[in-house]
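Inspection log for the structure reproduced underneath, given as structure tokens.
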There are 2 protein chains.
Amino acid sequence: MAQLDHTHDPTLESWVVSANGHSDFPIQNLPLGIFSPAGGAPRGGVAIGDRILDLSAALAAGLFTGEAARAAEAASGPVLNQFLALGAGPRQALRLRLSELLKTGSSNQGRVEPCLHVASDCTLHLPARIGDYTDFYVGIHHATNVGKQFRPDNPLLPNYKYVPIGYHGRASSIRPSGVPVRRPRGQTKPPDASEPGFGPSRRLDYELELGVWMGPGNELGTPIDIGKASEHVGGFCLLNDWSARDIQAWEYQPLGPFLAKNFASTVSAWMVTPEALAPFRIPQPSRPEGDPAPLPYLTEEADRREGALDLELEVLLLTPGMREKGLPPHRLALSNARHMYWTVAQMVTHHTSNGCNLQPGDLLGTGTISGPDQSSCGSILEATLGGKSPISLASGEERRFLEDGDEVILRARGRRNGFAPVGFGECRAVILPAG
Amino acid sequence: MAQLDHTHDPTLESWVVSANGHSDFPIQNLPLGIFSPAGGAPRGGVAIGDRILDLSAALAAGLFTGEAARAAEAASGPVLNQFLALGAGPRQALRLRLSELLKTGSSNQGRVEPCLHVASDCTLHLPARIGDYTDFYVGIHHATNVGKQFRPDNPLLPNYKYVPIGYHGRASSIRPSGVPVRRPRGQTKPPDASEPGFGPSRRLDYELELGVWMGPGNELGTPIDIGKASEHVGGFCLLNDWSARDIQAWEYQPLGPFLAKNFASTVSAWMVTPEALAPFRIPQPSRPEGDPAPLPYLTEEADRREGALDLELEVLLLTPGMREKGLPPHRLALSNARHMYWTVAQMVTHHTSNGCNLQPGDLLGTGTISGPDQSSCGSILEATLGGKSPISLASGEERRFLEDGDEVILRARGRRNGFAPVGFGECRAVILPAG
């Protein structure tokens, strides 16, 4: 697990003044990503306030040595896969050095300043070439809420509390925040129809998830022990696993969701490191009375003590009507990553327990993380009880599902007394009409 | 669809004498793949009899010009993705030129001969870097047989005859023929147990499938019309979708198979081109009386006329006992690709109908292709009725499921009067004990 050190000191400020105060990217965060300045090629960078530090420029300026230089080199190309393969040592060395370079009073300010870009002038890209994408289902309130709609008497299936349920998703259609999503067409069959039809989905939904970027991989045939799982995690992001509920209902038996999900997934562009999230580690929530203990291969003391994450997760909606009236986005949900029934380490260990190989840059999704009540639903399917109970918006509009022109915005933030808050940046996309 | 031309002439012979007679790789086939000679780097090649033509050596010798040279260049690196992206034109030009170079009486024999390697001295690799792997479920006899074990009264779900059912599989664990497969461990729960346990799978199975290599891709948001689908197909192979049935039974609800499948998949190493398979195109089998017509987006005249494939598909088993007694492999099944309920074009069009993007080098599996009777079962689950009715082997051994040391061999061949038979090469792997 990541240790706390002076890079977490809440009194630390940056000479990049926008980083101090309410930024998602204070000097205690230092997430990595891939950006391109206007007219420039994609390259690795670090978010600090409203600026991006260009890692190859900083390398060329001689600002890194040793392990930190090795990490900065691996992170300066058009994808972070090589950086992710290096693991925690070089990543931590880079963090220490970045903290030194960017803190108020740094003797290097004059050499670092020319390496900064104004973030709003840059384009953000996917941080890694995603080999495989796996989505889990560890949000127990979501699993229960959705299960209730299909099986009122028996919402959670018998395997749920033993198996960190997951399935493979589509890597090719994952896009970074800001790229619009086209409403999918597909086969749907309303309950009263005798045959299915084909057309635009009418039950388009978002899913509020945490994404996990894999660091060093494992060889095929070699499982990752639960005690080593966190060493294989390279970073975190937000993930919107867009879902067409009407397509899903008709297609998903017996092999799971396919076209209902693979038309698009959106991730936030910054990769928040395990080090930045170290202050927000919490013990695994106690399992409710009567729940089985996890099997031994999923059990470890450190993971029990600090394997869960206390991160606020938020969904906001901006409709055409709200945009027209100049209204701010409407908060649809406030949830928290602590509502995960399984930890990230348990996800990684379960995934590899059969010998399946994970690779640097693979993406794992947690599945939708809903909280226990109606204000913390991570999907509109849950928030509107399957479209039956519409949401009323300040613009006078109503929503049962997403409409064309709607923009969904996910946000996340760690907050804890005695620590600087750390944010993820936004994961947002607007819905385009079916083509 | 691919046209017939003089490269399909059954009287054509090669000066590579091993290509004439009973080889999988006569001059009418000319499949592409990636190989490395002893001590050499992986590179593109073409199988001809028991030899491999080194494409970069042939390029360097000046044996290609124009479109054929463009194709050979794209195929001479360590993966065929660039070649696949080029599509049918350059691929067909390369085929024409290869046929000329390798046929008996070619004036170029002396210049081509130095570019040949003895295949048995070479290592074969995956032909492409696989971005995403999707497995379908188009073998209707398999779906019915397996469905019967779970739902005796209602084996086929209501969506089966409308939706070419598919799901995403794991790309990272796909290996070429010859790489051993380690028996997976996992959670299983026998029906009489109150809780699941964790250990080596005891119900390990093969699945006989055809694999489809994608050629040119489509942009995210832009479906591929059924009339254009075949232009996006780059080649074919055999695929063994190894399955741990006990892990599958416990984990697969509600999101589909995951660890039961993703520990390994094996493909045959040679990519058989659509041109080589043109003689084995047949009309779609008529749907049984009472079956619904496919929806319009899955319907097209040319696909109806010649969208299906007449390819013999075979599963053989070689056990440690048979190896010890010097017995040949035992044939477990003889099936045929004509038993697919949906065509490859329908699979491609359905996959992209929601805008999902396919990319060159993506792999589609058909799902297990069983025939209508007990001698044509594409999985041991079907052949032994879920392990209840063991198979007796000439070695005196019995099998309910696969045992350690067992080797499964898949073969495929097109045969048609008036044409040379065309084979796929083997897709084989031996089972190693759980680690």
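Following the order of the structure tokens, chains are lettered A, B, ..., residues in each are numbered from 1, and ligands are numbered from 1.
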
Any idea what's packed within 12 Å of A:Asp291, counting only C-alpha atoms, ignoring anything in its chain fewer than 5 positions away? Could you give it as a short mmCIF file (atom, residue, chain, number, x, y, z; two decimals) with all heavy atoms, in the first residue's frame?
data_model
loop_
_atom_site.label_atom_id
_atom_site.label_comp_id
_atom_site.auth_asym_id
_atom_site.auth_seq_id
_atom_site.Cartn_x
_atom_site.Cartn_y
_atom_site.Cartn_z
N PRO A 158 -27.09 -15.88 -5.96
CA PRO A 158 -26.35 -16.59 -4.89
C PRO A 158 -24.83 -16.43 -4.96
O PRO A 158 -24.16 -16.53 -3.94
CB PRO A 158 -26.72 -18.06 -5.11
CG PRO A 158 -27.94 -18.06 -5.96
CD PRO A 158 -27.95 -16.80 -6.74
N ASN A 159 -24.28 -16.15 -6.16
CA ASN A 159 -22.82 -16.05 -6.25
C ASN A 159 -22.29 -14.68 -5.82
O ASN A 159 -21.08 -14.53 -5.58
CB ASN A 159 -22.36 -16.38 -7.69
CG ASN A 159 -23.02 -15.48 -8.74
OD1 ASN A 159 -23.64 -14.47 -8.42
ND2 ASN A 159 -22.88 -15.86 -10.00
N TYR A 160 -23.16 -13.67 -5.70
CA TYR A 160 -22.68 -12.29 -5.57
C TYR A 160 -21.72 -12.08 -4.40
O TYR A 160 -20.72 -11.37 -4.53
CB TYR A 160 -23.85 -11.30 -5.46
CG TYR A 160 -23.36 -9.87 -5.59
CD1 TYR A 160 -23.21 -9.27 -6.83
CD2 TYR A 160 -22.96 -9.15 -4.46
CE1 TYR A 160 -22.70 -7.99 -6.96
CE2 TYR A 160 -22.46 -7.86 -4.58
CZ TYR A 160 -22.33 -7.29 -5.83
OH TYR A 160 -21.81 -6.03 -5.95
N LYS A 161 -21.98 -12.68 -3.28
CA LYS A 161 -21.16 -12.42 -2.08
C LYS A 161 -19.93 -13.33 -1.97
O LYS A 161 -19.17 -13.26 -1.01
CB LYS A 161 -22.03 -12.49 -0.83
CG LYS A 161 -23.02 -11.33 -0.80
CD LYS A 161 -23.96 -11.35 0.37
CE LYS A 161 -24.80 -10.05 0.35
NZ LYS A 161 -25.83 -10.05 1.43
N TYR A 162 -19.76 -14.18 -2.98
CA TYR A 162 -18.55 -15.02 -3.06
C TYR A 162 -17.62 -14.59 -4.20
O TYR A 162 -16.41 -14.67 -4.09
CB TYR A 162 -18.94 -16.48 -3.28
CG TYR A 162 -19.65 -17.11 -2.11
CD1 TYR A 162 -21.05 -17.22 -2.08
CD2 TYR A 162 -18.94 -17.60 -1.03
CE1 TYR A 162 -21.71 -17.79 -1.01
CE2 TYR A 162 -19.60 -18.19 0.05
CZ TYR A 162 -20.98 -18.27 0.05
OH TYR A 162 -21.62 -18.84 1.11
N SER A 286 -17.46 -3.40 7.22
CA SER A 286 -17.81 -4.75 7.73
C SER A 286 -18.93 -5.29 6.88
O SER A 286 -19.85 -4.58 6.49
CB SER A 286 -18.30 -4.71 9.18
OG SER A 286 -17.95 -3.52 9.80
N TYR A 341 -18.47 -3.52 -2.71
CA TYR A 341 -18.50 -4.73 -1.88
C TYR A 341 -17.16 -5.46 -1.91
O TYR A 341 -16.81 -6.17 -0.98
CB TYR A 341 -19.61 -5.67 -2.37
CG TYR A 341 -19.94 -6.79 -1.41
CD1 TYR A 341 -20.71 -6.55 -0.28
CD2 TYR A 341 -19.47 -8.08 -1.64
CE1 TYR A 341 -21.02 -7.57 0.61
CE2 TYR A 341 -19.78 -9.12 -0.76
CZ TYR A 341 -20.56 -8.85 0.36
OH TYR A 341 -20.86 -9.87 1.24
N GLU B 195 -21.52 -24.17 0.15
CA GLU B 195 -20.67 -23.02 -0.16
C GLU B 195 -19.70 -23.38 -1.28
O GLU B 195 -19.37 -24.54 -1.46
CB GLU B 195 -19.82 -22.65 1.07
CG GLU B 195 -20.63 -22.27 2.29
CD GLU B 195 -19.95 -21.16 3.05
OE1 GLU B 195 -18.71 -21.20 3.16
OE2 GLU B 195 -20.66 -20.23 3.50
#

Residues near A:Glu207, anyone? I mean within 6 Å using only C-alpha atoms, not counting same-chain ones fewer than 2 positions away, as a short mmCIF file (atom, residue, chain, number, x, y, z; two decimals) with N, CA and C atoms, in the first residue's frame.
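The resulting file, result-v2.cif, is shown below:
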data_model
loop_
_atom_site.label_atom_id
_atom_site.label_comp_id
_atom_site.auth_asym_id
_atom_site.auth_seq_id
_atom_site.Cartn_x
_atom_site.Cartn_y
_atom_site.Cartn_z
N ASN A 240 -17.56 6.28 -17.30
CA ASN A 240 -18.99 6.23 -17.58
C ASN A 240 -19.24 5.10 -18.57
N ASP A 241 -19.86 4.06 -18.08
CA ASP A 241 -20.14 2.87 -18.88
C ASP A 241 -21.55 3.01 -19.47
N TRP A 242 -21.66 3.87 -20.50
CA TRP A 242 -22.95 4.14 -21.15
C TRP A 242 -23.69 2.84 -21.46
N THR A 368 -21.10 0.00 -11.59
CA THR A 368 -21.79 1.18 -11.07
C THR A 368 -21.76 1.21 -9.54
N GLY A 378 -26.24 5.45 -9.04
CA GLY A 378 -25.22 5.65 -10.06
C GLY A 378 -25.69 5.45 -11.48
N SER A 379 -26.98 5.19 -11.68
CA SER A 379 -27.54 5.07 -13.04
C SER A 379 -28.94 5.66 -13.01
#

*asked:* Can you work out which residues from chain B touch chain A at a cut-off of 6 Å (counting only C-alpha atoms) and hand them back as a ChimeraX atom specification?
replied: /B:167-169,184-186,255-256,258,263,354-356

Create the file for the chosen residues now, containing all heavy atoms and written as a compact mmCIF listing (two decimals), in the first residue's frame.
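Below is the file out.txt, written as the result:
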# COMPACT_ATOMS: atom_id res chain seq x y z
N TYR B 167 -20.46 -11.98 -27.19
CA TYR B 167 -19.96 -11.31 -25.98
C TYR B 167 -18.47 -11.09 -26.16
O TYR B 167 -17.84 -11.70 -27.03
CB TYR B 167 -20.26 -12.12 -24.72
CG TYR B 167 -19.46 -13.39 -24.62
CD1 TYR B 167 -18.41 -13.52 -23.69
CD2 TYR B 167 -19.73 -14.46 -25.46
CE1 TYR B 167 -17.67 -14.68 -23.62
CE2 TYR B 167 -18.99 -15.62 -25.40
CZ TYR B 167 -17.96 -15.72 -24.47
OH TYR B 167 -17.21 -16.86 -24.41
N HIS B 168 -17.91 -10.22 -25.34
CA HIS B 168 -16.49 -9.91 -25.45
C HIS B 168 -15.66 -10.92 -24.68
O HIS B 168 -15.99 -11.26 -23.55
CB HIS B 168 -16.22 -8.50 -24.93
CG HIS B 168 -16.79 -7.45 -25.82
ND1 HIS B 168 -16.34 -7.26 -27.11
CD2 HIS B 168 -17.82 -6.58 -25.67
CE1 HIS B 168 -17.04 -6.31 -27.69
NE2 HIS B 168 -17.96 -5.88 -26.83
N GLY B 169 -14.59 -11.38 -25.31
CA GLY B 169 -13.66 -12.30 -24.65
C GLY B 169 -12.36 -11.58 -24.36
O GLY B 169 -12.23 -10.37 -24.55
N PRO B 184 -6.97 -24.18 -15.28
CA PRO B 184 -7.22 -23.06 -14.38
C PRO B 184 -7.73 -23.51 -13.01
O PRO B 184 -8.35 -24.56 -12.88
CB PRO B 184 -8.32 -22.28 -15.11
CG PRO B 184 -9.08 -23.34 -15.85
CD PRO B 184 -8.03 -24.34 -16.29
N ARG B 185 -7.44 -22.69 -12.01
CA ARG B 185 -8.12 -22.81 -10.73
C ARG B 185 -9.29 -21.83 -10.71
O ARG B 185 -9.29 -20.87 -11.48
CB ARG B 185 -7.18 -22.44 -9.58
CG ARG B 185 -6.01 -23.39 -9.42
CD ARG B 185 -5.07 -22.91 -8.32
NE ARG B 185 -3.89 -23.74 -8.27
CZ ARG B 185 -3.82 -24.90 -7.59
NH1 ARG B 185 -4.85 -25.31 -6.86
NH2 ARG B 185 -2.72 -25.61 -7.62
N GLY B 186 -10.20 -22.05 -9.81
CA GLY B 186 -11.31 -21.11 -9.71
C GLY B 186 -12.32 -21.53 -8.67
O GLY B 186 -12.20 -22.59 -8.05
N LEU B 255 -23.71 -11.75 -15.79
CA LEU B 255 -23.00 -10.99 -16.81
C LEU B 255 -22.24 -11.84 -17.82
O LEU B 255 -21.50 -11.31 -18.65
CB LEU B 255 -22.07 -9.95 -16.15
CG LEU B 255 -22.79 -8.91 -15.28
CD1 LEU B 255 -21.79 -7.93 -14.67
CD2 LEU B 255 -23.82 -8.14 -16.09
N GLY B 256 -22.40 -13.17 -17.76
CA GLY B 256 -21.79 -14.03 -18.78
C GLY B 256 -20.49 -14.65 -18.32
O GLY B 256 -20.00 -14.41 -17.21
N PHE B 258 -16.60 -15.51 -17.74
CA PHE B 258 -15.46 -14.61 -17.48
C PHE B 258 -14.23 -15.48 -17.23
O PHE B 258 -13.54 -15.87 -18.16
CB PHE B 258 -15.83 -13.69 -16.30
CG PHE B 258 -14.78 -12.70 -15.88
CD1 PHE B 258 -14.18 -11.89 -16.82
CD2 PHE B 258 -14.43 -12.56 -14.54
CE1 PHE B 258 -13.21 -10.96 -16.43
CE2 PHE B 258 -13.47 -11.63 -14.15
CZ PHE B 258 -12.86 -10.84 -15.09
N PHE B 263 -8.73 -17.79 -19.34
CA PHE B 263 -7.39 -18.31 -18.99
C PHE B 263 -6.60 -18.69 -20.24
O PHE B 263 -5.36 -18.73 -20.19
CB PHE B 263 -7.52 -19.50 -18.03
CG PHE B 263 -8.31 -20.64 -18.58
CD1 PHE B 263 -7.69 -21.69 -19.23
CD2 PHE B 263 -9.69 -20.66 -18.46
CE1 PHE B 263 -8.43 -22.74 -19.76
CE2 PHE B 263 -10.45 -21.70 -18.99
CZ PHE B 263 -9.82 -22.74 -19.64
N ASN B 354 -24.67 -0.93 -33.72
CA ASN B 354 -24.83 0.15 -32.72
C ASN B 354 -23.72 1.19 -32.84
O ASN B 354 -23.60 2.06 -31.99
CB ASN B 354 -24.82 -0.45 -31.30
CG ASN B 354 -23.47 -1.07 -30.94
OD1 ASN B 354 -22.63 -1.27 -31.81
ND2 ASN B 354 -23.26 -1.35 -29.67
N GLY B 355 -22.88 1.06 -33.87
CA GLY B 355 -21.77 2.00 -34.04
C GLY B 355 -20.46 1.49 -33.48
O GLY B 355 -19.43 2.16 -33.63
N CYS B 356 -20.45 0.32 -32.86
CA CYS B 356 -19.19 -0.21 -32.30
C CYS B 356 -18.15 -0.34 -33.42
O CYS B 356 -18.45 -0.81 -34.51
CB CYS B 356 -19.44 -1.57 -31.66
SG CYS B 356 -17.95 -2.29 -30.93

*asked:* Can you pull out the residues contacting B:Leu208? Cut-off 12 Å, using only C-alpha atoms, and skip same-chain residues under 4 positions away; I want them as a PyMOL selection string.
replied: chain B and resi 137+139+142+237-243+265-268+312-316+332-337+365-371+376-382+408-412+427-428

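Contact shell of B:Ala74 at 12 Å (only C-alpha atoms; same-chain neighbours under 4 positions omitted): Leu32, Arg43, Gly44, Gly45, Leu55, Ser56, Leu59, Glu67, Ala68, Ala69, Arg70, Pro78, Val79, Leu80, Asn81, Gln82, Phe83, Leu84, Ala85, Leu86, Gly87, Pro90, Arg91, Leu94 and Ala128 of chain B.
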
Create the file for the chosen residues now, containing N, CA, C and O atoms and written as a short mmCIF file (atom, residue, chain, number, x, y, z; two decimals), in the first residue's frame.
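Result file is out-v8.cif:
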data_model
loop_
_atom_site.label_atom_id
_atom_site.label_comp_id
_atom_site.auth_asym_id
_atom_site.auth_seq_id
_atom_site.Cartn_x
_atom_site.Cartn_y
_atom_site.Cartn_z
N LEU B 32 -1.52 -16.71 -45.04
CA LEU B 32 -0.45 -15.88 -44.48
C LEU B 32 -0.32 -16.11 -42.98
O LEU B 32 -1.29 -16.48 -42.31
N ARG B 43 8.37 -12.60 -38.59
CA ARG B 43 8.13 -11.89 -39.87
C ARG B 43 6.99 -12.59 -40.61
O ARG B 43 6.63 -13.72 -40.30
N GLY B 44 6.47 -11.92 -41.61
CA GLY B 44 5.35 -12.47 -42.37
C GLY B 44 5.78 -13.52 -43.37
O GLY B 44 6.85 -13.41 -43.97
N GLY B 45 4.94 -14.53 -43.55
CA GLY B 45 5.24 -15.58 -44.51
C GLY B 45 3.98 -16.20 -45.08
O GLY B 45 2.87 -15.90 -44.63
N LEU B 55 8.28 -13.37 -46.83
CA LEU B 55 7.83 -12.25 -47.67
C LEU B 55 8.85 -11.12 -47.75
O LEU B 55 9.00 -10.49 -48.79
N SER B 56 9.57 -10.86 -46.64
CA SER B 56 10.53 -9.75 -46.74
C SER B 56 11.72 -10.16 -47.62
O SER B 56 12.24 -9.33 -48.39
N LEU B 59 10.49 -9.81 -51.13
CA LEU B 59 10.46 -8.39 -51.49
C LEU B 59 11.85 -7.89 -51.85
O LEU B 59 12.05 -7.22 -52.86
N GLU B 67 0.65 -3.25 -56.48
CA GLU B 67 -0.22 -3.60 -55.36
C GLU B 67 0.30 -4.80 -54.58
O GLU B 67 0.18 -4.87 -53.36
N ALA B 68 0.85 -5.79 -55.31
CA ALA B 68 1.36 -6.99 -54.63
C ALA B 68 2.52 -6.62 -53.72
O ALA B 68 2.66 -7.15 -52.61
N ALA B 69 3.37 -5.69 -54.18
CA ALA B 69 4.51 -5.27 -53.36
C ALA B 69 4.01 -4.52 -52.12
O ALA B 69 4.53 -4.69 -51.02
N ARG B 70 2.97 -3.72 -52.32
CA ARG B 70 2.39 -2.98 -51.20
C ARG B 70 1.87 -3.96 -50.14
O ARG B 70 2.07 -3.78 -48.94
N PRO B 78 6.35 -7.93 -37.98
CA PRO B 78 6.10 -8.96 -36.96
C PRO B 78 4.62 -9.24 -36.68
O PRO B 78 4.30 -10.15 -35.92
N VAL B 79 3.71 -8.46 -37.25
CA VAL B 79 2.26 -8.71 -37.16
C VAL B 79 1.62 -8.31 -38.48
O VAL B 79 2.16 -7.48 -39.21
N LEU B 80 0.45 -8.89 -38.76
CA LEU B 80 -0.20 -8.64 -40.05
C LEU B 80 -1.24 -7.51 -40.01
O LEU B 80 -1.99 -7.33 -40.97
N ASN B 81 -1.29 -6.74 -38.92
CA ASN B 81 -2.34 -5.72 -38.80
C ASN B 81 -2.37 -4.73 -39.97
O ASN B 81 -3.42 -4.40 -40.49
N GLN B 82 -1.20 -4.29 -40.39
CA GLN B 82 -1.15 -3.33 -41.50
C GLN B 82 -1.66 -3.96 -42.79
O GLN B 82 -2.34 -3.33 -43.57
N PHE B 83 -1.26 -5.20 -43.00
CA PHE B 83 -1.74 -5.94 -44.16
C PHE B 83 -3.26 -6.07 -44.13
O PHE B 83 -3.95 -5.85 -45.13
N LEU B 84 -3.80 -6.40 -42.94
CA LEU B 84 -5.25 -6.55 -42.80
C LEU B 84 -5.96 -5.24 -43.09
O LEU B 84 -7.05 -5.22 -43.66
N ALA B 85 -5.34 -4.13 -42.71
CA ALA B 85 -5.96 -2.82 -42.93
C ALA B 85 -6.10 -2.49 -44.42
O ALA B 85 -6.96 -1.71 -44.81
N LEU B 86 -5.25 -3.10 -45.26
CA LEU B 86 -5.27 -2.77 -46.69
C LEU B 86 -6.51 -3.27 -47.42
O LEU B 86 -6.93 -2.70 -48.42
N GLY B 87 -7.04 -4.39 -46.96
CA GLY B 87 -8.26 -4.90 -47.57
C GLY B 87 -8.01 -5.78 -48.78
O GLY B 87 -6.89 -6.24 -49.03
N PRO B 90 -5.18 -5.21 -52.50
CA PRO B 90 -3.78 -5.64 -52.39
C PRO B 90 -3.65 -7.12 -52.02
O PRO B 90 -2.73 -7.80 -52.51
N ARG B 91 -4.58 -7.62 -51.21
CA ARG B 91 -4.50 -9.04 -50.83
C ARG B 91 -4.68 -9.93 -52.05
O ARG B 91 -3.97 -10.93 -52.23
N LEU B 94 -1.59 -9.80 -54.29
CA LEU B 94 -0.52 -10.64 -53.73
C LEU B 94 -0.78 -12.11 -54.04
O LEU B 94 0.13 -12.85 -54.43
N ALA B 128 -1.61 -11.63 -35.76
CA ALA B 128 -1.90 -10.20 -35.59
C ALA B 128 -1.89 -9.83 -34.12
O ALA B 128 -2.03 -10.68 -33.24
#

*Please, which residues of stretch 68-150 of chain B, numbered as in this document, come out strand (DSSP E) from DSSP, as a list in words?*
Leu116, His117, Val118, Thr123, Leu124, His125, Tyr133, Thr134, Asp135 and Phe136 of chain B

*Compile the contact shell of A:Lys388 as number ranges by chain: residues with an atom at most 12 Å away, counting only C-alpha atoms, same-chain residues fewer than 5 positions apart removed.*
A: 149, 203, 380-383, 398-401

Next, write the just-selected residues to a file, as a PDB file, in the first residue's frame, keeping N, CA and C atoms as the atom set.
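Okay, again.pdb is ready:
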ATOM      1  N   GLN A 149     -35.424  -4.993 -10.108  1.00  0.00           N
ATOM      2  CA  GLN A 149     -36.276  -4.744 -11.268  1.00  0.00           C
ATOM      3  C   GLN A 149     -36.524  -6.020 -12.080  1.00  0.00           C
ATOM      4  N   ARG A 203     -33.862   3.968 -24.134  1.00  0.00           N
ATOM      5  CA  ARG A 203     -33.590   3.880 -22.699  1.00  0.00           C
ATOM      6  C   ARG A 203     -32.077   3.973 -22.481  1.00  0.00           C
ATOM      7  N   ILE A 380     -29.429   6.099 -14.174  1.00  0.00           N
ATOM      8  CA  ILE A 380     -30.772   6.685 -14.211  1.00  0.00           C
ATOM      9  C   ILE A 380     -31.820   5.583 -14.096  1.00  0.00           C
ATOM     10  N   LEU A 381     -31.467   4.378 -14.523  1.00  0.00           N
ATOM     11  CA  LEU A 381     -32.359   3.221 -14.368  1.00  0.00           C
ATOM     12  C   LEU A 381     -32.786   3.063 -12.913  1.00  0.00           C
ATOM     13  N   GLU A 382     -31.807   3.256 -12.012  1.00  0.00           N
ATOM     14  CA  GLU A 382     -32.113   3.162 -10.586  1.00  0.00           C
ATOM     15  C   GLU A 382     -32.841   4.411 -10.095  1.00  0.00           C
ATOM     16  N   ALA A 383     -32.354   5.590 -10.541  1.00  0.00           N
ATOM     17  CA  ALA A 383     -32.901   6.851 -10.027  1.00  0.00           C
ATOM     18  C   ALA A 383     -34.366   7.026 -10.404  1.00  0.00           C
ATOM     19  N   GLU A 398     -38.194  17.097 -17.617  1.00  0.00           N
ATOM     20  CA  GLU A 398     -38.222  15.825 -16.884  1.00  0.00           C
ATOM     21  C   GLU A 398     -37.333  14.831 -17.608  1.00  0.00           C
ATOM     22  N   ARG A 399     -36.808  13.882 -16.904  1.00  0.00           N
ATOM     23  CA  ARG A 399     -36.045  12.812 -17.539  1.00  0.00           C
ATOM     24  C   ARG A 399     -36.425  11.451 -16.958  1.00  0.00           C
ATOM     25  N   ARG A 400     -36.726  10.530 -17.869  1.00  0.00           N
ATOM     26  CA  ARG A 400     -36.845   9.109 -17.483  1.00  0.00           C
ATOM     27  C   ARG A 400     -35.570   8.368 -17.892  1.00  0.00           C
ATOM     28  N   PHE A 401     -35.064   8.749 -19.092  1.00  0.00           N
ATOM     29  CA  PHE A 401     -33.764   8.284 -19.572  1.00  0.00           C
ATOM     30  C   PHE A 401     -33.088   9.475 -20.229  1.00  0.00           C
TER      31      PHE A 401
END

*Enumerate, as a PyMOL selection string, the complete set of residues in stretch 126-305 of chain A that a backbone-based DSSP assignment places in alpha helix (DSSP H).*
chain A and resi 140-150+245-251+274-277+301-305

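With only C-alpha atoms as the atoms that count, the minimum distance from B:Gly234 to the choices B:Pro191, B:Gly425, B:Gly361, B:Gly405 is reached by B:Gly361.
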
*asked:* What's around B:Ala345 at 10 Å? Count only C-alpha atoms, leave out sequence neighbours fewer than 4 positions away in its own chain, and write the answer as a PyMOL selection string.
replied: chain B and resi 224-233+298-300+303+307-308+349-351

*Any idea what the distance is between atom CA of B:Arg305 and atom CA of B:Pro274?*
15.9 Å
